[in-house]
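Engineer: This is the structure I want to talk about, given as structure tokens.
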Amino acid sequence: MRKAIALLILTVAQLASVGADDAKLYEVREGTKVDAKTLMGWKTWRALACERCHGQAQEGLVGPSLVERLKVLSKDDFHTLMQNGRPDKGMPPFGGSQMVMQNWEGLYAYLKGRSDGAIQPGHLYPIE
Amino acid sequence: MLLTGLAAATDLETAMSDSKNWAAQAGDYANHRYSDLNQINATNVGKLQVAWTMSTGVLRGHEGSPLVIGDTMYIHTPFPNNVFAVNLKDQSYKWKYEPKQDAQVIPVMCCDTVNRGLAYADGKIFLQQADTTLVALDANSGEVVWTAKNGDPKIGETNTNAPHIFKDKVITGISGGEFGVRGRLIAYDVKTGKKVWTAWSTGPDAELLVDPKKTMTWTNGKLAPIGADSSIKTWKGDQWKLGGGTTWGWYAYDPKLNLVYYGTGNPGTWNPAQRPGDNKWSMTIFARDLDTGMAKWAYQMTPHDEWDFDGVNEMLLVDVDMKGKKVPVVVHFDRNGFGYTLNRETGALLVAEKYDPKVNWASKVDMKTGRPIVDKQYSPQTTGPDVNVKDICPAALGSKDEQPASYDRKSGLILVPTNHVCMTYEPFNVEYTAGQPYVGATLTMFPTPGSHGGMGNFIAWDPAQGKIVWSKPEKFSVWSGALTTAGDVAFYGTLEGYLKAVSTKDGKELWKFKTPSGIIGNVFTYQYGGKQYVGVYSGIGGWAGIGMAAGLKESTEGLGAVGGYKELAKYTTLGGSLFIFALPGDASATSAAR
């Protein structure tokens with residue numbers, strides 16, 4: 001059973017790594033080990049306390065579920081959203097955060113990995 | 001000028017002395033939340049029924065309570081902080097005040113867009129808006145008399161607290177402990193809105209409003225002067241500038257001593273390793289002169305916080321018998337799980353005992369030093385960043401949060417709504433950016449293991465002995481301010497939405513009613529047309545109910561504040577209404593119903 005789950009995760013990860021632009025969006029092993037860029041994405045998620053609104057498993061609290069939103073949100077729209085926020089809905093603009101502006105692609109990769117089900121919720125580690 | 005100041009105080013004090021009114025959030029200066037009304041009592045409360053209801057038009061967490069002065073009720077809402085004056089005769093609106101606030105303030109509000117209510121004095125209604133604007137409204141017309149600005153939302157400063165009127169001053173605070181805000185208490189003139197003093201929680205002596213030689217603190221078994229630079233020498237470098245110590249709780253005032261009592265919140269980032277030192281004066285009870293703001297004494301409950309145990313909870317001023325002597329004390333139920341009793345005149349520490357026996361982060365408070373004896377097993381400072389510390393009790397939201405207790409003047413007991421929740425806590429390094437979250441810890445929360453399985457208790461506490469007299473378990477945190485009355489009844493709301501009445505003697509449940517949404521508001525009472533009414537807001541939200549706003553899925557993972565509270569979704573959803581209850585029949589009939 002465990003093997004089957006591991007295989008499934010591997011398959012999903014492989015699928016996810018074959019992006020439309022042919023670039024690897026993220027790399028994941030065993031659900032919790034990720035590439036350096038995605039790891040920084042998770043660290044950015046953690047540092048900016050995103051879980052306060054979106055929940056620790058990204059399933060939504062006062063903010064929407066990112067597991068669902070990332071299925072439809074394009075990378076460009078994600079970038080715009082991170083910069084400008086949606087203040088009336090409670091989403092802060094992160095244009096003033098160096099950490100977010102430097103790592104937004106990693107953050108997108110991390111959230112996409114969560115949305116795809118390839119990356120597990122909670123603490124992440126580097127691929128050794 | 002002085003005379004008009006005194007007249008202003010008389011106006012509120014007269015209103016508070018008549019138990020037909022509910023003229024202040026706690027009903028009085030002392031935070032008793034007690035009423036002399038006894039038409040509704042332990043014998044007949046079982047017959048209580050809905051008299052009328054009203055929608056507030058806002059679906060977020062409803063904290064605090066309305067005010068009643070004479071024939072008018074003043075209602076407030078969470079953001080956008082609307083205010084309605086309601087004619088009690090027919091529940092029509094006398095006026096409405098609907099402030100236009102920049103929506104940019106919403107993202108920087110921690111833990112839901114709550115507001116803890118209005119204040120009344122000098123013919124004015126005072127509103128502390130989320131965007132840090134303090135507004136004085138004409139109580140008759142709703143017209144703005146004056147406004148004052150006490151913070152800047154761009155750097156994460158917001159307000160959730162109720163303004164407090166003491167004598168001729170409006171006292172307000174600041175929120176933003178999760179944004180590196182530097183806390184302070186601010187006093188304004190009731191008549192003009194002119195700022196009178198600002199007392200910072202951290203920083204140089206002159207800004208703290210302390211006298212190094214005269215401001216006292218409990219140390220080595222006695223009171224001693226705090227000495228020079230008491231705050232800045234307990235911080236690394238200039239970290240005190242992001243020092244936290246915010247002030248969003250329930251303050252109290254002793255007119256005889258002319259002292260204001262309040263608590264300060266958590267220090268800077270939640271990662272303790274990043275801010276060595278005691279981090280004074282975060283997590284502190286302050287007693288300050290109302291006219292000057294100068295601190296008479298200060299007592300830090302949780303030096304170098306490692307758990308987010310804000311010290312802002314209500315200060316109850318009572319007189320207790322200790323060793324045959326009547327002692328004026330301040331009683332405080334801290335987030336850290338200890339119930340403190342201090343001599344409110346001197347600041348001497350008299351009692352510090354756990355009001356939840358499952359509290360484990362400290363074995364006890366050393367009564368000589370006044371410091372907690374921390375258990376290293378539950379110390380994120382000891383384990384360091386990126387280590388997940390398990391099974392800390394209580395959780396960050398404390399054995400009790402802002403939900404205020406009630407002092408039953410008849411029995412001398414304090415009835416306390418509490419949380420019964422534990423947590424895991426994993427700190428990590430963070431950098432400060434103005435206006436961005438400055439937290440630095442990931443938490444999961446769950447019901448206290450090895451207990452009744454629920455996440456709350458409603459308890460009766462003896463403040464002289466530091467002992468629980470009785471305890472009534474609840475499925476969820478009791479996040480509603482309690483009320484006790486001369487009718488030997490205590491009232492409180494639950495997160496499922498019940499308003500409950502229990503006997504003050506033993507906690508036995510006498511009556512309950514299910515409102516449409518969870519209750520995090522405070523119960524209040526008043527009399528109109530010869531009849532006693534009891535009321536409460538129904539509208540879940542706040543920290544405990546924050547998960548209600550979006551659909552949650554089943555998950556094996558703990559979800560911070562939601563992990564243990566996920567079950568709530570089976571019972572309630574968002575709401576925003578006011579419920580008013582009364583006994584059936586006319587006033588004379590209910591009086592005779594005994």
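To be explicit about the labels: the chains of the structure tokens are called A, B, and onward in the order shown, and within each one the residues are counted from 1, while ligands get numbers from 1 in the order they are shown.
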Quick one: pick out all strand (DSSP E) residues within stretch 152-233 of chain B from a backbone DSSP run and write them as a VMD selection string.
Structural biologist: chain B and resid 164 to 166 169 to 172 184 to 189 195 to 200 216 to 219 222 to 225
Engineer: Tell me as a short mmCIF file (atom, residue, chain, number, x, y, z; two decimals) with C-alpha atoms, in the first residue's frame which residues belonging to chain A come within 7 Å of chain B, counting only C-alpha atoms.
Structural biologist:
data_model
loop_
_atom_site.label_atom_id
_atom_site.label_comp_id
_atom_site.auth_asym_id
_atom_site.auth_seq_id
_atom_site.Cartn_x
_atom_site.Cartn_y
_atom_site.Cartn_z
CA ALA A 47 7.84 33.48 7.09
CA LEU A 48 4.93 35.56 5.80
CA ALA A 49 2.52 33.58 7.99
CA GLY A 55 -4.56 27.27 6.66
CA GLN A 56 -1.56 25.07 7.30
CA ALA A 57 -2.67 22.60 4.64
CA GLU A 59 -7.24 24.30 2.40
CA GLY A 60 -8.47 27.77 3.35
CA LEU A 61 -9.56 29.60 6.50
CA VAL A 62 -10.70 33.21 6.18
CA PRO A 64 -9.62 30.76 0.05
CA PRO A 87 -6.98 44.31 0.10
CA ASP A 88 -10.79 44.43 0.04
CA GLY A 90 -8.12 40.70 3.07
CA MET A 91 -5.18 39.63 0.85
CA PRO A 92 -2.20 41.90 1.57
CA SER A 97 8.39 42.17 0.89
#
Engineer: Using only C-alpha atoms for the distances, tell me which of B:Val50, B:Thr147, B:Gly384, B:Ala26 is nearest to B:Lys514.
Structural biologist: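 When distances to B:Lys514 are compared using only C-alpha atoms, the smallest one comes from B:Val50.
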Engineer: Which is closer to A:Glu30 than all the others in A:Val100, A:Val67, A:Ile119, A:Leu111, using only C-alpha atoms?
Structural biologist: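 Among the listed residues, the smallest separation from A:Glu30 belongs to A:Ile119.
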Engineer: Can you tell me, as number ranges by chain, which residues in chain A count as alpha helix (DSSP H) by DSSP?
Structural biologist: A: 2-17, 36-47, 51-54, 66-69, 75-84, 98-116
